[in-house]
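*Asks:* Take a look at the following structure, please.
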Amino acid sequence: MPTQFRNDMQNAQTRPSTQASPGNARMQRTRDIQRVLAGVLVLNVVVAVAKLGYGLYTNSLSMTADGLNSLLDGASNVVGLIGLAVAARPPDPNHPYGHRRFETLTSLAIALFMLLTLFEIVQGSIDRLRHDVTPEVTAISFVVMFSTLVVNIGVTTWERRAAARLSSSILLADARHTGSDVFVTLSVIVGLIAVGLGLTWADVVLALVVAAVIAWSAWKIVREAALSLSDEAVASTEQIEQAARSVAGVRGIHNIRTRGGEGMIWVDLHIQVDPAMHVDQAHDIASDVAASIEAELGETADVTVHIEPADPTHLRPERGYNPEER
């Protein structure tokens, strides 16, 4: 009977004893993400109050829509903080793979907030077409918009860098949402200039442009979340096979599968070794294969290595997609 081995990062003897345990690393990652989201939340609330307040005061539909969008940005930050608290919980009997899927679900919640913003903007545009209201454009309008534009650019850059450093789907989704705010704000500024020149219809048109940008960003978030939840392969089999074959004693590799996403990848594969090899030797090879694959992927990975003797009678057929079965 083949024996299954897993890459136990907590007990691996090949790791230095001074290295932080995976549990502590995950907790630190969660705290770092929470700090970023909390900071972004404060900035989003300040920006939203400025845009929404002055937009309502001057009857500017595009500025009000932009302020509402920023306010929902803050709401999505709150959802992200709640989702992180759940996703960071350790594995339990009901969730043996942990709770990381909740991060992806939270990304979907962010997309939902974006769609709510879209609805509000479209509804406001329809109301404006029914009622002839001329927005007031002042110097303060441009001061508010340019100031918030600088804040949005800074927040987007900060979140994207943090998302890459921490491999966080929540931060990446929120960065894209905030990134859409940059184009929204630029559109509003153009609209204010047009309204100031007497083109009052530009306020409604630019509001609809804002809606289109938000809709596209929401679609991209939903698409990536769907791919993650459907267990799309996240690494090439050739890359994993190359890493496994670099380990001495590996005679064959098959049934390579991957799933997961940012922050954690699950890999399982079968390797063949000398049939006369002792169990402890086979175990060492399995551990080396797991470590080699994790190093090749360049991020945290849970690697399961299934040992088989290098004998054709023990070869199991490939699992997964078979085009001949279609």
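Every chain in the structure tokens takes a letter, A first, then B, and so on in the order presented; its residues are numbered from 1, and the ligands are numbered from 1 following the presented order.
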For stretch 23-77 of chain A against stretch 115-136 of chain A, with a cut-off of 9 Å and counting only C-alpha atoms, what is the closest atom pair and its distance in Å to one decimal for every residue that makes the cut, ordered by chain and number, as a tab-separated table?

*Replies:*
```
residue	atom	partner	partner_atom	distance
A:Gly55	CA	A:Pro135	CA	8.8
A:Tyr57	CA	A:Glu136	CA	8.6
A:Thr58	CA	A:Glu136	CA	4.9
A:Asn59	CA	A:Pro135	CA	4.7
A:Ser60	CA	A:Pro135	CA	4.8
A:Leu61	CA	A:Gly124	CA	7.1
A:Ser62	CA	A:Ile121	CA	8.2
A:Thr64	CA	A:Ile121	CA	8.9
A:Ala65	CA	A:Ile121	CA	5.7
A:Asp66	CA	A:Ile121	CA	8.7
A:Leu68	CA	A:Thr117	CA	7.0
A:Asn69	CA	A:Thr117	CA	5.8
A:Leu72	CA	A:Thr117	CA	7.1
```

*Asks:* Taking 4 positions as the minimum chain separation for residues in the same chain, which residues sit within 9 Å of A:Ala215 when counting only C-alpha atoms? Answer as a PyMOL selection string.

*Replies:* chain A and resi 111+114-115+118+210-211+219-220

*Asks:* For the selection you just gave me, I'd like the residues written to a file as a PDB file, in the first residue's frame, keeping N, CA and C atoms.

*Replies:*
```pdb
ATOM      1  N   ALA A 111     -17.121  43.335  -4.487  1.00  0.00           N
ATOM      2  CA  ALA A 111     -17.735  43.513  -5.810  1.00  0.00           C
ATOM      3  C   ALA A 111     -19.210  43.880  -5.673  1.00  0.00           C
ATOM      4  N   MET A 114     -19.564  47.454  -5.032  1.00  0.00           N
ATOM      5  CA  MET A 114     -19.335  48.200  -6.267  1.00  0.00           C
ATOM      6  C   MET A 114     -20.593  48.223  -7.130  1.00  0.00           C
ATOM      7  N   LEU A 115     -21.311  47.111  -7.170  1.00  0.00           N
ATOM      8  CA  LEU A 115     -22.544  47.053  -7.947  1.00  0.00           C
ATOM      9  C   LEU A 115     -23.630  47.933  -7.328  1.00  0.00           C
ATOM     10  N   LEU A 118     -22.905  51.301  -8.466  1.00  0.00           N
ATOM     11  CA  LEU A 118     -23.337  51.420  -9.865  1.00  0.00           C
ATOM     12  C   LEU A 118     -24.829  51.721  -9.951  1.00  0.00           C
ATOM     13  N   VAL A 210     -18.557  57.005 -15.055  1.00  0.00           N
ATOM     14  CA  VAL A 210     -18.144  56.476 -13.754  1.00  0.00           C
ATOM     15  C   VAL A 210     -18.782  55.101 -13.521  1.00  0.00           C
ATOM     16  N   ALA A 211     -20.048  54.977 -13.850  1.00  0.00           N
ATOM     17  CA  ALA A 211     -20.755  53.709 -13.664  1.00  0.00           C
ATOM     18  C   ALA A 211     -20.130  52.600 -14.498  1.00  0.00           C
ATOM     19  N   TRP A 219     -16.666  43.311 -12.435  1.00  0.00           N
ATOM     20  CA  TRP A 219     -16.642  42.081 -13.223  1.00  0.00           C
ATOM     21  C   TRP A 219     -15.309  41.351 -13.071  1.00  0.00           C
ATOM     22  N   LYS A 220     -14.206  42.073 -13.086  1.00  0.00           N
ATOM     23  CA  LYS A 220     -12.901  41.431 -12.955  1.00  0.00           C
ATOM     24  C   LYS A 220     -12.746  40.760 -11.590  1.00  0.00           C
TER      25      LYS A 220
END
```

*Asks:* Please identify all polymer residues within 7 Å of stretch 290-296 of chain A, counting only C-alpha atoms, omitting same-chain residues fewer than 4 positions from it, and present them as a PyMOL selection string.

*Replies:* chain A and resi 7+240+243-244+286+300-301+303+305

*Asks:* Could you dump the residues just selected with C-alpha atoms as a short mmCIF file (atom, residue, chain, number, x, y, z; two decimals), in the first residue's frame?

*Replies:*
```cif
data_model
loop_
_atom_site.label_atom_id
_atom_site.label_comp_id
_atom_site.auth_asym_id
_atom_site.auth_seq_id
_atom_site.Cartn_x
_atom_site.Cartn_y
_atom_site.Cartn_z
CA ASN A 7 5.02 18.78 3.82
CA ILE A 240 6.23 21.32 -10.37
CA ALA A 243 11.21 20.83 -9.13
CA ALA A 244 10.35 17.26 -8.10
CA ALA A 286 9.12 12.98 -0.14
CA THR A 300 3.69 29.18 1.06
CA ALA A 301 2.52 25.79 -0.19
CA VAL A 303 2.47 19.86 -0.65
CA VAL A 305 3.55 13.66 -1.90
#
```

*Asks:* Could you tell me how far atom CA of A:Val188 sits from atom CA of A:Ala202, in Å to one decimal place?

*Replies:*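 Interatomic distance, atom CA of A:Ala202 to atom CA of A:Val188: 9.4 Å.
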
*Asks:* Quick one: DSSP strand (DSSP E or B) residues in stretch 129-259 of chain A, as a ChimeraX atom specification?

*Replies:* /A:252-259

*Asks:* Would you write out those residues with N, CA and C atoms, as a PDB file, in the first residue's frame?

*Replies:*
```pdb
ATOM      1  N   GLY A 252       9.975   8.701 -11.128  1.00  0.00           N
ATOM      2  CA  GLY A 252       8.803   8.981 -11.943  1.00  0.00           C
ATOM      3  C   GLY A 252       7.860   9.923 -11.219  1.00  0.00           C
ATOM      4  N   ILE A 253       7.060  10.677 -11.990  1.00  0.00           N
ATOM      5  CA  ILE A 253       6.117  11.645 -11.414  1.00  0.00           C
ATOM      6  C   ILE A 253       4.839  11.622 -12.236  1.00  0.00           C
ATOM      7  N   HIS A 254       3.701  11.647 -11.566  1.00  0.00           N
ATOM      8  CA  HIS A 254       2.427  11.722 -12.269  1.00  0.00           C
ATOM      9  C   HIS A 254       1.357  12.249 -11.314  1.00  0.00           C
ATOM     10  N   ASN A 255       0.148  12.459 -11.850  1.00  0.00           N
ATOM     11  CA  ASN A 255      -0.996  12.944 -11.063  1.00  0.00           C
ATOM     12  C   ASN A 255      -0.686  14.233 -10.298  1.00  0.00           C
ATOM     13  N   ILE A 256      -0.178  15.230 -10.997  1.00  0.00           N
ATOM     14  CA  ILE A 256       0.116  16.524 -10.385  1.00  0.00           C
ATOM     15  C   ILE A 256      -1.149  17.383 -10.425  1.00  0.00           C
ATOM     16  N   ARG A 257      -1.528  17.923  -9.268  1.00  0.00           N
ATOM     17  CA  ARG A 257      -2.703  18.792  -9.187  1.00  0.00           C
ATOM     18  C   ARG A 257      -2.411  19.970  -8.257  1.00  0.00           C
ATOM     19  N   THR A 258      -2.991  21.107  -8.584  1.00  0.00           N
ATOM     20  CA  THR A 258      -2.828  22.298  -7.751  1.00  0.00           C
ATOM     21  C   THR A 258      -4.162  23.030  -7.622  1.00  0.00           C
ATOM     22  N   ARG A 259      -4.271  23.778  -6.540  1.00  0.00           N
ATOM     23  CA  ARG A 259      -5.421  24.648  -6.334  1.00  0.00           C
ATOM     24  C   ARG A 259      -5.034  25.675  -5.285  1.00  0.00           C
TER      25      ARG A 259
END
```

*Asks:* A:Ala164: which residues within 12 Å, counting only C-alpha atoms, same-chain residues fewer than 2 positions away excluded, as a ChimeraX atom specification?

*Replies:* /A:29,33,157-162,166-173,175,262-263,299

*Asks:* Those residues with C-alpha atoms, as a compact mmCIF listing (two decimals), in the first residue's frame please?

*Replies:*
```txt
# COMPACT_ATOMS: atom_id res chain seq x y z
CA ARG A 29 0.33 38.46 7.71
CA ILE A 33 -3.34 43.26 6.13
CA THR A 157 -0.30 52.48 -4.74
CA TRP A 158 -0.06 51.58 -1.06
CA GLU A 159 -2.63 48.77 -1.32
CA ARG A 160 -1.17 47.26 -4.51
CA ARG A 161 2.29 47.08 -2.99
CA ALA A 162 0.91 45.61 0.23
CA LEU A 166 1.39 39.93 1.59
CA SER A 167 -0.20 37.90 -1.25
CA SER A 168 -3.67 39.09 -0.24
CA SER A 169 -6.68 38.77 -2.55
CA ILE A 170 -8.62 41.17 -0.29
CA LEU A 171 -6.07 43.96 -0.65
CA LEU A 172 -5.74 43.34 -4.38
CA ALA A 173 -9.51 43.53 -4.89
CA ALA A 175 -6.83 48.24 -4.58
CA GLU A 262 -2.77 34.15 -3.09
CA GLY A 263 -1.22 33.31 0.24
CA GLU A 299 5.30 31.16 -1.74
```

*Asks:* When DSSP is applied to the backbone of this structure, which of stretch 94-301 of chain A are assigned alpha helix (DSSP H)? Write them out as a ChimeraX atom specification.

*Replies:* /A:101-130,139-166,169-196,202-229,237-245,279-297

*Asks:* Find the spatial neighbours of A:Ala282, counting only C-alpha atoms, within a cut-off of 10 Å - ignore same-chain residues fewer than 3 positions away - and output them as a short mmCIF file (atom, residue, chain, number, x, y, z; two decimals) with C-alpha atoms, in the first residue's frame.

*Replies:*
```cif
data_model
loop_
_atom_site.label_atom_id
_atom_site.label_comp_id
_atom_site.auth_asym_id
_atom_site.auth_seq_id
_atom_site.Cartn_x
_atom_site.Cartn_y
_atom_site.Cartn_z
CA THR A 3 2.09 5.74 1.87
CA PHE A 5 3.44 12.16 3.08
CA GLY A 249 15.90 9.23 -5.94
CA VAL A 250 12.77 10.30 -7.83
CA ILE A 271 6.30 10.08 -7.24
CA GLN A 272 7.99 6.74 -7.86
CA VAL A 273 11.04 5.55 -5.99
CA ASP A 274 13.16 2.41 -5.81
CA PRO A 275 10.87 -0.47 -4.69
CA ALA A 276 13.63 -1.79 -2.38
CA MET A 277 13.99 1.52 -0.58
CA HIS A 278 13.29 1.68 3.16
CA VAL A 279 10.33 3.71 4.39
CA ILE A 285 12.77 11.96 -0.53
CA ALA A 286 9.12 12.98 -0.14
CA SER A 287 10.10 15.78 2.25
CA ASP A 288 12.80 16.98 -0.12
CA ILE A 307 4.97 7.50 -2.68
CA GLU A 308 4.81 4.58 -5.13
CA PRO A 309 7.39 1.94 -6.09
#
```

*Asks:* Can you tell me, as a ChimeraX atom specification, what residues are no more than 9 Å from A:Leu105 when counting only C-alpha atoms, ignoring any on the same chain fewer than 6 positions away?

*Replies:* /A:83,225,229

*Asks:* How would the residues just picked look written out with C-alpha atoms as a PDB file, in the first residue's frame?

*Replies:*
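Generated file (part13.pdb):
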```pdb
ATOM      1  CA  GLY A  83     -13.632  38.665   6.486  1.00  0.00           C
ATOM      2  CA  ALA A 225     -13.081  34.939  -7.331  1.00  0.00           C
ATOM      3  CA  LEU A 229     -13.641  28.989  -5.871  1.00  0.00           C
TER       4      LEU A 229
END
```

*Asks:* Which is closer to A:Val150 than all the others in A:Gly74, A:Gly39, A:Gly179, A:Gly80, using only C-alpha atoms?

*Replies:*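 Among A:Gly74, A:Gly39, A:Gly179, A:Gly80, it is A:Gly179 that comes nearest to A:Val150.
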
*Asks:* Atom CA of A:Val86 and atom CA of A:Thr106 are how many Å apart?

*Replies:*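 Atom CA of A:Thr106 lies 10.0 Å from atom CA of A:Val86.
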
*Asks:* Between atom CA of A:Ser180 and atom CA of A:Phe146, measure the distance and give it in Å to one decimal.

*Replies:*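 Spanning atom CA of A:Ser180 to atom CA of A:Phe146 is a straight-line distance of 15.4 Å.
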